[in-house]
$ cat coords29.cif   # mmCIF, C-alpha atoms and all ligand atoms
data_final
loop_
_atom_site.label_atom_id
_atom_site.label_comp_id
_atom_site.auth_asym_id
_atom_site.auth_seq_id
_atom_site.Cartn_x
_atom_site.Cartn_y
_atom_site.Cartn_z
CA MET E 1 -14.96 -34.73 -2.81
CA PRO E 2 -13.85 -31.97 -0.43
CA GLU E 3 -15.37 -28.58 -1.24
CA ILE E 4 -12.87 -26.19 -2.89
CA PRO E 5 -12.80 -22.92 -0.94
CA PHE E 6 -13.98 -19.85 -2.87
CA ASP E 7 -11.00 -17.90 -4.25
CA ALA E 8 -12.12 -14.28 -4.58
CA PHE E 9 -8.98 -13.26 -6.46
CA ARG E 10 -9.27 -16.06 -8.98
CA TYR E 11 -12.91 -15.16 -9.55
CA ALA E 12 -12.13 -11.44 -9.88
CA HIS E 13 -9.26 -12.03 -12.32
CA GLU E 14 -11.40 -14.33 -14.43
CA HIS E 15 -14.06 -11.60 -14.58
CA ARG E 16 -11.67 -8.65 -14.76
CA ASP E 17 -13.43 -7.07 -17.74
CA SER E 18 -16.52 -6.51 -15.67
CA VAL E 19 -15.25 -6.26 -12.10
CA VAL E 20 -14.80 -2.90 -10.37
CA TRP E 21 -11.41 -3.29 -8.68
CA MET E 22 -11.53 -1.55 -5.31
CA SER E 23 -9.70 -4.27 -3.40
CA GLN E 24 -5.97 -3.59 -3.72
CA ASN E 25 -5.49 0.19 -3.62
CA THR E 26 -4.55 0.10 -7.28
CA ASN E 27 -4.79 3.29 -9.30
CA HIS E 28 -6.94 3.32 -12.44
CA LEU E 29 -6.72 7.05 -13.09
CA VAL E 30 -3.30 7.60 -14.65
CA PRO E 31 -3.54 8.49 -18.37
CA PRO E 32 -2.84 5.07 -19.97
CA GLU E 33 -0.95 6.42 -22.99
CA ILE E 34 2.07 7.26 -20.82
CA VAL E 35 2.84 3.67 -19.87
CA ARG E 36 1.62 2.34 -23.22
CA GLY E 37 3.94 4.63 -25.21
CA ALA E 38 7.01 3.71 -23.16
CA VAL E 39 6.32 -0.02 -23.18
CA GLU E 40 5.49 -0.10 -26.90
CA GLU E 41 8.75 1.62 -27.73
CA ALA E 42 10.72 -0.83 -25.59
CA LEU E 43 8.91 -3.73 -27.26
CA ARG E 44 9.69 -2.36 -30.72
CA GLU E 45 13.32 -2.06 -29.74
CA ARG E 46 13.17 -5.64 -28.39
CA ARG E 47 14.77 -4.51 -25.17
CA TYR E 48 13.32 -7.57 -23.46
CA GLU E 49 15.82 -9.81 -25.27
CA GLY E 50 18.74 -8.71 -23.13
CA TYR E 51 19.19 -8.45 -19.38
CA PRO E 52 18.68 -4.96 -18.07
CA TYR E 53 21.58 -3.03 -16.56
CA ALA E 54 21.64 -4.74 -13.17
CA SER E 55 21.60 -1.59 -11.01
CA GLY E 56 18.62 -0.26 -12.93
CA LEU E 57 18.40 2.47 -15.55
CA PRO E 58 20.33 5.46 -14.18
CA GLU E 59 17.50 7.84 -15.07
CA LEU E 60 15.13 5.83 -12.92
CA ALA E 61 17.23 6.29 -9.78
CA GLU E 62 17.60 10.00 -10.57
CA ARG E 63 13.84 10.38 -11.04
CA VAL E 64 13.08 8.55 -7.79
CA ILE E 65 15.47 10.77 -5.82
CA LEU E 66 14.02 13.90 -7.39
CA ASP E 67 10.47 12.71 -6.87
CA LEU E 68 11.00 11.96 -3.19
CA GLY E 69 13.12 15.06 -2.58
CA LEU E 70 16.03 13.05 -1.15
CA PRO E 71 19.64 14.28 -1.32
CA ALA E 72 21.21 13.84 -4.77
CA ASP E 73 23.84 11.42 -3.45
CA SER E 74 21.21 8.99 -2.05
CA GLN E 75 21.42 5.37 -3.08
CA VAL E 76 18.39 3.83 -4.76
CA GLN E 77 17.84 0.09 -4.91
CA ILE E 78 15.18 -1.00 -7.34
CA SER E 79 13.22 -4.20 -6.86
CA ALA E 80 10.15 -6.03 -8.09
CA GLY E 81 7.78 -3.81 -6.14
CA GLY E 82 8.26 -2.23 -2.75
CA THR E 83 7.38 -5.66 -1.37
CA GLU E 84 10.69 -7.15 -2.45
CA ALA E 85 12.58 -4.20 -0.95
CA LEU E 86 10.76 -4.78 2.33
CA TYR E 87 11.79 -8.42 2.26
CA MET E 88 15.44 -7.51 1.61
CA LEU E 89 15.62 -4.99 4.39
CA THR E 90 14.02 -7.17 7.03
CA ARG E 91 16.40 -9.99 6.06
CA ALA E 92 19.42 -7.70 6.18
CA LEU E 93 18.71 -5.67 9.30
CA LEU E 94 16.85 -7.97 11.70
CA HIS E 95 18.02 -10.93 13.76
CA PRO E 96 16.25 -13.63 15.76
CA GLY E 97 14.74 -12.34 18.97
CA GLU E 98 14.65 -8.69 17.90
CA GLU E 99 11.52 -6.59 17.90
CA VAL E 100 9.91 -4.13 15.51
CA ILE E 101 7.39 -1.50 16.61
CA ALA E 102 4.47 -1.76 14.21
CA SER E 103 0.71 -1.34 14.23
CA ASP E 104 -2.54 -3.26 13.97
CA PRO E 105 -4.19 -2.81 11.46
CA SER E 106 -1.25 -2.80 9.08
CA TYR E 107 0.07 -4.06 5.77
CA LEU E 108 0.70 -7.48 7.26
CA ILE E 109 2.99 -8.78 4.52
CA ILE E 110 5.75 -6.71 6.14
CA HIS E 111 5.01 -8.37 9.49
CA LYS E 112 5.36 -11.74 7.82
CA PHE E 113 8.79 -10.79 6.49
CA ILE E 114 9.82 -9.58 9.95
CA GLU E 115 8.83 -12.95 11.37
CA LEU E 116 10.74 -14.80 8.64
CA SER E 117 13.89 -13.04 9.82
CA GLY E 118 13.29 -14.49 13.30
CA ALA E 119 12.25 -11.13 14.74
CA ARG E 120 8.74 -10.25 15.93
CA THR E 121 6.46 -7.25 15.75
CA LYS E 122 5.09 -5.35 18.70
CA ASN E 123 1.78 -4.28 17.25
CA LEU E 124 0.26 -1.16 18.75
CA ASP E 125 -3.51 -1.03 18.32
CA ILE E 126 -4.40 1.94 16.18
CA TYR E 127 -8.07 1.22 15.54
CA ALA E 128 -9.02 4.23 17.65
CA PRO E 129 -8.31 7.96 17.32
CA PRO E 130 -5.89 9.22 16.04
CA TYR E 131 -5.82 5.96 14.00
CA ARG E 132 -2.03 6.01 13.71
CA LEU E 133 1.04 5.67 15.89
CA THR E 134 2.13 8.49 18.14
CA ALA E 135 5.69 9.25 19.21
CA GLU E 136 4.61 8.85 22.80
CA ARG E 137 3.31 5.33 22.31
CA VAL E 138 6.30 4.36 20.20
CA ALA E 139 8.68 5.57 22.91
CA GLU E 140 6.75 3.64 25.58
CA ALA E 141 6.81 0.45 23.52
CA ILE E 142 10.57 0.38 23.00
CA GLY E 143 12.26 -2.40 24.92
CA PRO E 144 15.74 -3.94 25.03
CA GLN E 145 15.09 -6.04 21.92
CA THR E 146 13.64 -3.25 19.77
CA ARG E 147 15.63 -2.70 16.57
CA MET E 148 13.24 -1.08 14.13
CA ILE E 149 10.18 1.15 13.82
CA LEU E 150 7.79 0.64 10.94
CA LEU E 151 6.37 3.98 9.88
CA ILE E 152 3.92 3.54 7.01
CA ASP E 153 2.68 6.96 5.95
CA PRO E 154 -0.08 7.22 4.84
CA LEU E 155 -1.29 4.02 6.42
CA ASN E 156 -2.79 1.03 4.72
CA PRO E 157 -5.64 0.25 5.38
CA LEU E 158 -6.88 3.15 7.54
CA GLY E 159 -5.81 5.95 5.22
CA SER E 160 -4.53 8.07 8.08
CA GLY E 161 -1.52 10.28 7.48
CA TYR E 162 1.08 11.64 9.87
CA PRO E 163 1.48 15.34 10.54
CA GLU E 164 5.02 16.62 10.10
CA SER E 165 5.49 17.10 13.85
CA GLU E 166 4.72 13.42 14.52
CA VAL E 167 6.97 12.15 11.71
CA ARG E 168 9.71 14.27 13.13
CA ALA E 169 9.14 13.10 16.72
CA ILE E 170 9.12 9.42 15.69
CA ALA E 171 12.22 9.88 13.53
CA GLU E 172 14.00 11.60 16.39
CA ILE E 173 13.26 8.62 18.62
CA ALA E 174 14.78 6.34 15.98
CA HIS E 175 17.79 8.62 15.75
CA ASP E 176 18.34 8.94 19.50
CA ARG E 177 17.81 5.24 20.21
CA LYS E 178 19.74 4.07 17.12
CA LEU E 179 16.79 2.12 15.73
CA TRP E 180 16.17 1.44 12.06
CA LEU E 181 13.29 3.47 10.72
CA VAL E 182 11.40 2.00 7.79
CA ASN E 183 9.44 4.84 6.21
CA ASP E 184 7.08 3.19 3.73
CA VAL E 185 5.73 6.01 1.57
CA THR E 186 3.86 3.91 -1.00
CA TYR E 187 0.75 6.17 -0.75
CA ARG E 188 2.43 9.56 -0.24
CA ASP E 189 1.23 11.07 -3.51
CA PHE E 190 -2.38 10.85 -2.33
CA ALA E 191 -1.67 12.84 0.84
CA GLU E 192 -2.27 16.54 1.25
CA ARG E 193 1.04 17.30 2.97
CA PRO E 194 3.31 14.24 2.92
CA THR E 195 6.46 14.43 5.06
CA LEU E 196 9.49 12.20 4.70
CA ALA E 197 11.17 10.94 7.86
CA TYR E 198 14.61 10.91 6.23
CA PRO E 199 15.73 14.48 7.06
CA TYR E 200 15.16 13.85 10.78
CA ALA E 201 17.07 10.55 10.99
CA PRO E 202 19.20 10.18 7.85
CA GLU E 203 21.47 7.44 9.19
CA GLN E 204 18.58 5.29 10.41
CA THR E 205 15.95 5.74 7.69
CA LEU E 206 15.20 3.57 4.71
CA THR E 207 12.53 5.08 2.50
CA VAL E 208 10.48 2.40 0.78
CA TRP E 209 8.85 3.64 -2.43
CA SER E 210 6.70 2.12 -5.11
CA VAL E 211 5.20 3.10 -8.44
CA SER E 212 2.34 0.62 -8.03
CA LYS E 213 -0.15 3.08 -6.57
CA ASN E 214 0.90 6.63 -7.43
CA CYS E 215 1.77 5.75 -11.04
CA GLY E 216 -0.90 3.09 -11.52
CA MET E 217 1.64 0.38 -12.37
CA ALA E 218 0.93 -2.38 -9.85
CA GLY E 219 0.98 -5.08 -12.51
CA LEU E 220 4.44 -4.11 -13.71
CA ARG E 221 5.95 -4.73 -10.24
CA LEU E 222 8.46 -2.01 -9.58
CA GLY E 223 9.51 -0.26 -6.40
CA GLY E 224 12.49 -0.14 -4.14
CA LEU E 225 14.19 1.62 -1.31
CA ALA E 226 16.38 4.65 -0.91
CA GLY E 227 18.69 6.04 1.72
CA GLN E 228 22.30 6.62 2.58
CA ARG E 229 24.72 4.75 0.37
CA GLU E 230 26.28 2.33 2.86
CA LEU E 231 22.98 1.40 4.47
CA VAL E 232 21.26 0.69 1.15
CA ARG E 233 24.26 -1.29 -0.03
CA SER E 234 24.23 -3.41 3.10
CA VAL E 235 20.55 -4.19 2.48
CA ALA E 236 21.14 -4.87 -1.22
CA ARG E 237 23.36 -7.83 -0.32
CA TYR E 238 20.07 -9.65 0.02
CA ASN E 239 18.87 -8.73 -3.44
CA THR E 240 17.86 -11.94 -5.20
CA ASN E 241 17.17 -10.15 -8.48
CA ASP E 242 20.84 -10.07 -9.43
CA LEU E 243 20.12 -9.85 -13.14
CA GLY E 244 17.98 -6.75 -12.84
CA VAL E 245 14.34 -5.77 -12.67
CA ASN E 246 11.94 -6.08 -15.63
CA ILE E 247 12.99 -3.56 -18.28
CA LEU E 248 9.42 -2.81 -19.38
CA ALA E 249 8.57 -1.79 -15.83
CA GLN E 250 11.63 0.44 -15.67
CA VAL E 251 10.93 2.33 -18.88
CA ALA E 252 7.28 2.73 -17.88
CA ALA E 253 8.26 4.07 -14.46
CA ILE E 254 10.61 6.61 -16.02
CA ALA E 255 7.84 7.78 -18.36
CA ALA E 256 5.38 8.04 -15.47
CA LEU E 257 7.77 9.91 -13.18
CA ARG E 258 8.80 12.28 -15.98
CA THR E 259 5.20 13.31 -16.51
CA LYS E 260 3.74 12.89 -13.02
CA SER E 261 3.49 16.56 -12.18
CA GLY E 262 1.15 16.97 -15.18
CA TRP E 263 -1.42 14.37 -14.12
CA ILE E 264 -1.12 13.66 -10.40
CA GLY E 265 -3.31 16.68 -9.54
CA GLY E 266 -6.13 15.15 -11.59
CA VAL E 267 -5.67 11.78 -9.85
CA ARG E 268 -5.87 13.52 -6.48
CA SER E 269 -8.94 15.56 -7.26
CA THR E 270 -10.82 12.54 -8.61
CA THR E 271 -9.93 10.47 -5.54
CA ARG E 272 -11.08 13.34 -3.29
CA GLY E 273 -14.41 13.46 -5.11
CA ASN E 274 -14.70 9.68 -4.81
CA GLN E 275 -14.09 9.91 -1.06
CA ASP E 276 -17.00 12.31 -0.69
CA ARG E 277 -19.25 10.04 -2.73
CA ILE E 278 -18.33 6.96 -0.68
CA ARG E 279 -18.89 8.91 2.52
CA SER E 280 -22.42 9.83 1.46
CA VAL E 281 -23.16 6.19 0.57
CA VAL E 282 -21.84 4.89 3.89
CA ALA E 283 -23.77 7.57 5.79
CA GLY E 284 -26.97 6.20 4.25
CA VAL E 285 -26.39 2.62 5.45
CA PRO E 286 -27.17 2.15 9.17
CA GLY E 287 -24.46 0.35 11.11
CA THR E 288 -21.64 1.32 8.76
CA SER E 289 -19.15 4.14 9.22
CA LEU E 290 -15.78 5.53 8.15
CA PRO E 291 -13.35 5.67 11.08
CA VAL E 292 -10.99 7.95 9.12
CA PHE E 293 -12.16 10.80 6.91
CA PRO E 294 -10.69 12.27 4.83
CA SER E 295 -8.25 9.55 3.86
CA GLN E 296 -4.72 10.67 3.06
CA ALA E 297 -4.31 7.61 0.88
CA ASN E 298 -6.49 6.06 -1.81
CA MET E 299 -8.44 3.76 0.47
CA PHE E 300 -10.87 3.73 3.40
CA VAL E 301 -11.74 1.31 6.10
CA ILE E 302 -15.52 0.91 6.24
CA ASP E 303 -16.49 -0.29 9.68
CA ILE E 304 -19.45 -2.66 9.54
CA ALA E 305 -19.28 -4.07 13.08
CA SER E 306 -22.68 -2.67 14.10
CA THR E 307 -24.39 -4.50 11.26
CA GLY E 308 -23.37 -7.82 12.79
CA LEU E 309 -22.28 -8.98 9.33
CA ALA E 310 -18.99 -10.69 8.56
CA PRO E 311 -16.67 -8.73 6.22
CA GLU E 312 -15.91 -11.94 4.28
CA ASP E 313 -19.61 -12.39 3.54
CA LEU E 314 -19.92 -8.79 2.40
CA GLN E 315 -16.82 -9.11 0.19
CA ARG E 316 -18.31 -12.19 -1.44
CA GLU E 317 -21.78 -10.71 -1.84
CA LEU E 318 -20.40 -7.54 -3.45
CA LEU E 319 -18.15 -9.49 -5.79
CA LEU E 320 -20.49 -12.27 -6.88
CA HIS E 321 -23.72 -10.33 -7.12
CA HIS E 322 -22.52 -6.85 -8.05
CA GLY E 323 -19.06 -7.32 -9.59
CA VAL E 324 -17.58 -4.90 -7.04
CA PHE E 325 -14.39 -6.15 -5.40
CA LEU E 326 -13.50 -4.87 -1.90
CA ARG E 327 -11.15 -6.50 0.61
CA SER E 328 -12.28 -7.94 3.92
CA GLY E 329 -10.39 -6.81 7.01
CA SER E 330 -8.90 -10.14 8.09
CA TYR E 331 -6.14 -9.62 5.52
CA LEU E 332 -5.11 -6.47 7.36
CA SER E 333 -5.70 -6.95 11.04
CA PRO E 334 -5.60 -9.93 13.40
CA THR E 335 -7.52 -8.00 16.07
CA PHE E 336 -9.91 -5.76 14.16
CA GLY E 337 -10.27 -7.58 10.85
CA GLY E 338 -13.72 -8.85 11.77
CA ARG E 339 -15.01 -5.29 11.97
CA PHE E 340 -14.26 -3.81 8.59
CA ILE E 341 -13.94 -4.03 4.87
CA ARG E 342 -11.44 -1.92 2.87
CA ALA E 343 -12.45 0.06 -0.18
CA SER E 344 -9.92 1.72 -2.45
CA PHE E 345 -11.13 4.52 -4.66
CA SER E 346 -8.51 5.69 -7.20
CA ASN E 347 -11.01 4.60 -9.83
CA PRO E 348 -13.11 6.39 -12.43
CA PRO E 349 -16.24 7.89 -10.81
CA ALA E 350 -18.39 5.41 -12.81
CA ASP E 351 -16.81 2.60 -10.74
CA ILE E 352 -17.70 4.43 -7.56
CA GLU E 353 -21.29 4.70 -8.79
CA ARG E 354 -21.35 0.91 -9.16
CA PHE E 355 -20.17 0.70 -5.55
CA ALA E 356 -22.80 3.27 -4.54
CA ARG E 357 -25.56 1.04 -5.89
CA ALA E 358 -24.02 -2.23 -4.72
CA PHE E 359 -23.10 -1.42 -1.13
CA PRO E 360 -26.58 -0.73 0.32
CA GLU E 361 -28.07 -3.60 -1.69
CA ALA E 362 -25.43 -6.08 -0.56
CA ILE E 363 -25.85 -5.12 3.09
CA ALA E 364 -29.64 -5.36 2.77
CA ALA E 365 -29.42 -8.76 1.07
CA LEU E 366 -27.13 -10.16 3.76
CA ARG E 367 -29.36 -8.75 6.50
CA THR E 368 -32.44 -10.45 5.17
CA SER E 369 -31.13 -13.74 3.90
CA GLY E 370 -27.70 -14.27 5.42
CA ILE E 371 -25.02 -15.54 3.08
CA THR E 372 -26.13 -16.02 -0.50
CA PRO E 373 -24.73 -18.89 -2.57
CA PRO E 374 -22.29 -18.01 -5.37
CA LYS E 375 -23.55 -17.78 -8.94
CA ALA E 376 -22.55 -20.63 -11.20
CA GLY E 377 -19.86 -20.06 -13.85
C1 LIG X 1 2.02 -0.11 2.83
C2 LIG X 1 2.43 -0.83 1.60
N1 LIG X 1 3.72 -0.98 1.35
C3 LIG X 1 4.15 -1.62 0.26
C4 LIG X 1 3.27 -2.15 -0.65
C5 LIG X 1 3.86 -2.88 -1.81
O1 LIG X 1 3.60 -2.41 -3.02
P1 LIG X 1 4.34 -2.98 -4.30
O2 LIG X 1 5.04 -4.24 -3.96
O3 LIG X 1 3.26 -3.18 -5.29
O4 LIG X 1 5.30 -1.90 -4.68
C6 LIG X 1 1.90 -2.03 -0.43
C7 LIG X 1 0.93 -2.63 -1.35
O5 LIG X 1 -0.24 -2.67 -1.16
C8 LIG X 1 1.48 -1.36 0.73
O6 LIG X 1 0.17 -1.21 1.02
#
$ encode --input "coords29.cif" --output "structure tokens"
Amino acid sequence: MPEIPFDAFRYAHEHRDSVVWMSQNTNHLVPPEIVRGAVEEALRERRYEGYPYASGLPELAERVILDLGLPADSQVQISAGGTEALYMLTRALLHPGEEVIASDPSYLIIHKFIELSGARTKNLDIYAPPYRLTAERVAEAIGPQTRMILLIDPLNPLGSGYPESEVRAIAEIAHDRKLWLVNDVTYRDFAERPTLAYPYAPEQTLTVWSVSKNCGMAGLRLGGLAGQRELVRSVARYNTNDLGVNILAQVAAIAALRTKSGWIGGVRSTTRGNQDRIRSVVAGVPGTSLPVFPSQANMFVIDIASTGLAPEDLQRELLLHHGVFLRSGSYLSPTFGGRFIRASFSNPPADIERFARAFPEAIAALRTSGITPPKAG
């Protein structure tokens, strides 16, 4: 019989009660009673029996606009996570042969969507200081087929954020060259001084938002895009979710956004403390380093290239022998994925302590014995 390849996600989900989830930039620090209260009320009212209002609950759009600081007449399209919005907009705005300026490493699912539309990405290497795009490099990379710039801020997986001057300069390029600007702000609430691109290129910018990470609601699948009315409407033609987005997710998102100002400071300060702790652990393990510190998001890249170890082996060792789930770099970078593993840290400090014990031990185990076989069961 052929050997079935090890499925880290299946294993982690089957052991979710005991696994420390640091693999998907999810947020485990939002007070749980907020989502619970909203969802329980909607369940009691049996709101799941009917279809939701197709455009989404009006309060949700209002909250999103307020939260992002966009003009009150902005159009908000909700979708099953920011991911679906990204799919819609690539489908709607790109054509075969066109090009999108993007980066490597990146959140590659977006690149896949770009390719599905027949377009291609021009990936600028950003695995070197300043670990993000610059307006200068973006301008140089623009060619006759360029139609879009992908500005993810802060960046997954590196955690780098863009200073206001750079956001502005990149947005002005999009404006002057009439390119679409996709400003994916999924991680903005973790940043010290997040800046939206929209004010600098309002006709070109689509702001992609999500409540998966800031509001700790990844499992409920809700996000969307926002921008000027006609542009968002032209993208929404490709909405496949014609009967509306999950009502439980919508009520939970409203509850989270209503209360966010009361708890987001606590989320931020815990993630900052976790960053410091991870930095001290990494500093104690020869051959490993953090290219970006501090992170403006809720994740780090941990470079392990000098250890000579494969990130996939480290991911497996940490998961199977320590119950700590990180994500190997190949998921995030065709060129640099063999160098790093990604650790997200919007977790309770006790989780980070499990990582602190596991990381040096896993590296030491792999150094002495190579890859260890998985535990049974
Ligand atoms: C940069 C970026 N954009 C969008 C998303 C999509 O998030 P969701 O579909 O959960 O809203 C992610 C998820 O990891 C991400 O890293």
$ residues_near_ligand --input "coords29.cif" --ligand "ligand LIG 1 (chain X)" --cutoff "6 Å" --atoms "only C-alpha atoms and all ligand atoms" --output "NGL selection string"
:E and (81-83 or 107 or 152 or 156 or 184 or 186 or 210 or 212 or 218 or 221-223)
$ residues_around --input "coords29.cif" --residues "range 318-322 of chain E" --least-positions-apart "2" --cutoff "8 Å" --atoms "only C-alpha atoms" --output "number ranges by chain"
E: 8, 12, 19, 314-316, 324-326, 354, 358-359, 362, 374-375
$ atom_distance --input "coords29.cif" --atom1 "CA of Tyr187 in chain E" --atom2 "CA of Ser306 in chain E"
29.1 Å
$ residues_around --input "coords29.cif" --residues "range 272-284 of chain E" --least-positions-apart "2" --cutoff "12 Å" --atoms "all atoms listed in the file" --output "number ranges by chain"
E: 22, 29, 159, 190-192, 265-270, 286-304, 341-361, 363-364
$ closest_residue --input "coords29.cif" --among "E:Ile109, E:Ile264, E:Ala226, E:Leu57" --to "Val76 in chain E" --atoms "only C-alpha atoms"
E:Ala226
$ closest_residue --input "coords29.cif" --among "E:Arg367, E:Glu14, E:Leu332, E:Arg258" --to "Ala310 in chain E" --atoms "only C-alpha atoms"
E:Arg367
$ atom_distance --input "coords29.cif" --atom1 "CA of Arg132 in chain E" --atom2 "CA of Asp153 in chain E"
9.1 Å
$ closest_residue --input "coords29.cif" --among "E:Ile34, E:Ile78, E:Leu116, E:Ala305" --to "Gly56 in chain E" --atoms "all atoms listed in the file"
E:Ile78
$ atom_distance --input "coords29.cif" --atom1 "CA of Glu230 in chain E" --atom2 "CA of Thr207 in chain E"
14.0 Å
$ closest_residue --input "coords29.cif" --among "E:Thr146, E:Ser165, E:Ser160, E:Asn239" --to "Ala128 in chain E" --atoms "all atoms listed in the file"
E:Ser160
$ residues_around --input "coords29.cif" --residues "range 37-53 of chain E" --least-positions-apart "5" --cutoff "6 Å" --atoms "only C-alpha atoms" --output "list in words"
Gly244, Ile247, Leu248, Val251 and Ala252 of chain E
$ residues_around --input "coords29.cif" --residues "Tyr331 in chain E" --least-positions-apart "6" --cutoff "12 Å" --atoms "only C-alpha atoms" --output "PyMOL selection string"
chain E and resi 23-24+104-109+111-112+156-157+311-312+315+337-342
$ axis_aligned_box --input "coords29.cif" --around "range 112-118 of chain E" --padding-each-side "4 Å" --output "lines of an AutoDock Vina configuration file"
center_x = 9.6
center_y = -12.2
center_z = 9.9
size_x = 16.5
size_y = 13.2
size_z = 14.8
$ closest_residue --input "coords29.cif" --among "E:Val167, E:Ala236, E:Ala249, E:Arg16" --to "Thr90 in chain E" --atoms "only C-alpha atoms"
E:Ala236
$ residues_around --input "coords29.cif" --residues "range 95-98 of chain E" --least-positions-apart "6" --cutoff "12 Å" --atoms "only C-alpha atoms" --output "VMD selection string"
chain E and resid 89 113 to 122 142 to 149 179 to 180
$ closest_residue --input "coords29.cif" --among "E:Ala169, E:Ile101, E:Val182, E:Ala141" --to "Leu86 in chain E" --atoms "all atoms listed in the file"
E:Val182
$ decode --input "coords29.cif" --residues "range 282-332 of chain E" --atoms "C-alpha atoms" --output "mmCIF file, in the first residue's frame"
data_model
loop_
_atom_site.group_PDB
_atom_site.id
_atom_site.type_symbol
_atom_site.label_atom_id
_atom_site.label_comp_id
_atom_site.auth_asym_id
_atom_site.auth_seq_id
_atom_site.Cartn_x
_atom_site.Cartn_y
_atom_site.Cartn_z
ATOM 1 C CA VAL E 282 15.333 32.341 19.518
ATOM 2 C CA ALA E 283 18.413 34.249 20.718
ATOM 3 C CA GLY E 284 19.322 31.217 22.828
ATOM 4 C CA VAL E 285 19.252 28.760 19.911
ATOM 5 C CA PRO E 286 22.345 29.000 17.680
ATOM 6 C CA GLY E 287 21.582 29.211 13.973
ATOM 7 C CA THR E 288 18.118 30.696 14.419
ATOM 8 C CA SER E 289 17.140 34.345 14.143
ATOM 9 C CA LEU E 290 14.251 36.770 13.650
ATOM 10 C CA PRO E 291 14.673 38.774 10.438
ATOM 11 C CA VAL E 292 11.996 41.267 11.546
ATOM 12 C CA PHE E 293 11.655 42.572 15.091
ATOM 13 C CA PRO E 294 9.387 43.928 16.367
ATOM 14 C CA SER E 295 6.613 42.469 14.256
ATOM 15 C CA GLN E 296 3.770 44.814 13.360
ATOM 16 C CA ALA E 297 1.490 41.816 13.007
ATOM 17 C CA ASN E 298 0.864 38.791 15.212
ATOM 18 C CA MET E 299 3.496 36.560 13.654
ATOM 19 C CA PHE E 300 7.232 36.205 13.085
ATOM 20 C CA VAL E 301 9.390 34.474 10.585
ATOM 21 C CA ILE E 302 12.042 32.454 12.422
ATOM 22 C CA ASP E 303 14.972 31.913 10.102
ATOM 23 C CA ILE E 304 16.567 28.509 10.664
ATOM 24 C CA ALA E 305 18.750 28.336 7.543
ATOM 25 C CA SER E 306 22.024 28.255 9.496
ATOM 26 C CA THR E 307 20.926 25.166 11.389
ATOM 27 C CA GLY E 308 20.817 23.213 8.130
ATOM 28 C CA LEU E 309 17.445 21.802 9.200
ATOM 29 C CA ALA E 310 14.368 21.635 6.985
ATOM 30 C CA PRO E 311 11.399 23.734 8.199
ATOM 31 C CA GLU E 312 9.028 20.828 7.421
ATOM 32 C CA ASP E 313 10.995 18.570 9.757
ATOM 33 C CA LEU E 314 10.935 21.188 12.494
ATOM 34 C CA GLN E 315 7.177 21.731 12.040
ATOM 35 C CA ARG E 316 6.603 18.004 12.392
ATOM 36 C CA GLU E 317 8.932 17.584 15.349
ATOM 37 C CA LEU E 318 7.306 20.477 17.228
ATOM 38 C CA LEU E 319 3.809 19.218 16.513
ATOM 39 C CA LEU E 320 4.245 15.499 17.133
ATOM 40 C CA HIS E 321 6.596 15.613 20.089
ATOM 41 C CA HIS E 322 5.620 18.866 21.781
ATOM 42 C CA GLY E 323 2.073 19.634 20.605
ATOM 43 C CA VAL E 324 3.210 23.046 19.330
ATOM 44 C CA PHE E 325 1.982 23.871 15.829
ATOM 45 C CA LEU E 326 4.030 26.290 13.684
ATOM 46 C CA ARG E 327 3.943 26.640 9.892
ATOM 47 C CA SER E 328 6.858 25.784 7.635
ATOM 48 C CA GLY E 329 7.905 28.431 5.128
ATOM 49 C CA SER E 330 7.147 26.568 1.897
ATOM 50 C CA TYR E 331 3.499 27.578 2.287
ATOM 51 C CA LEU E 332 4.559 31.211 2.096
#
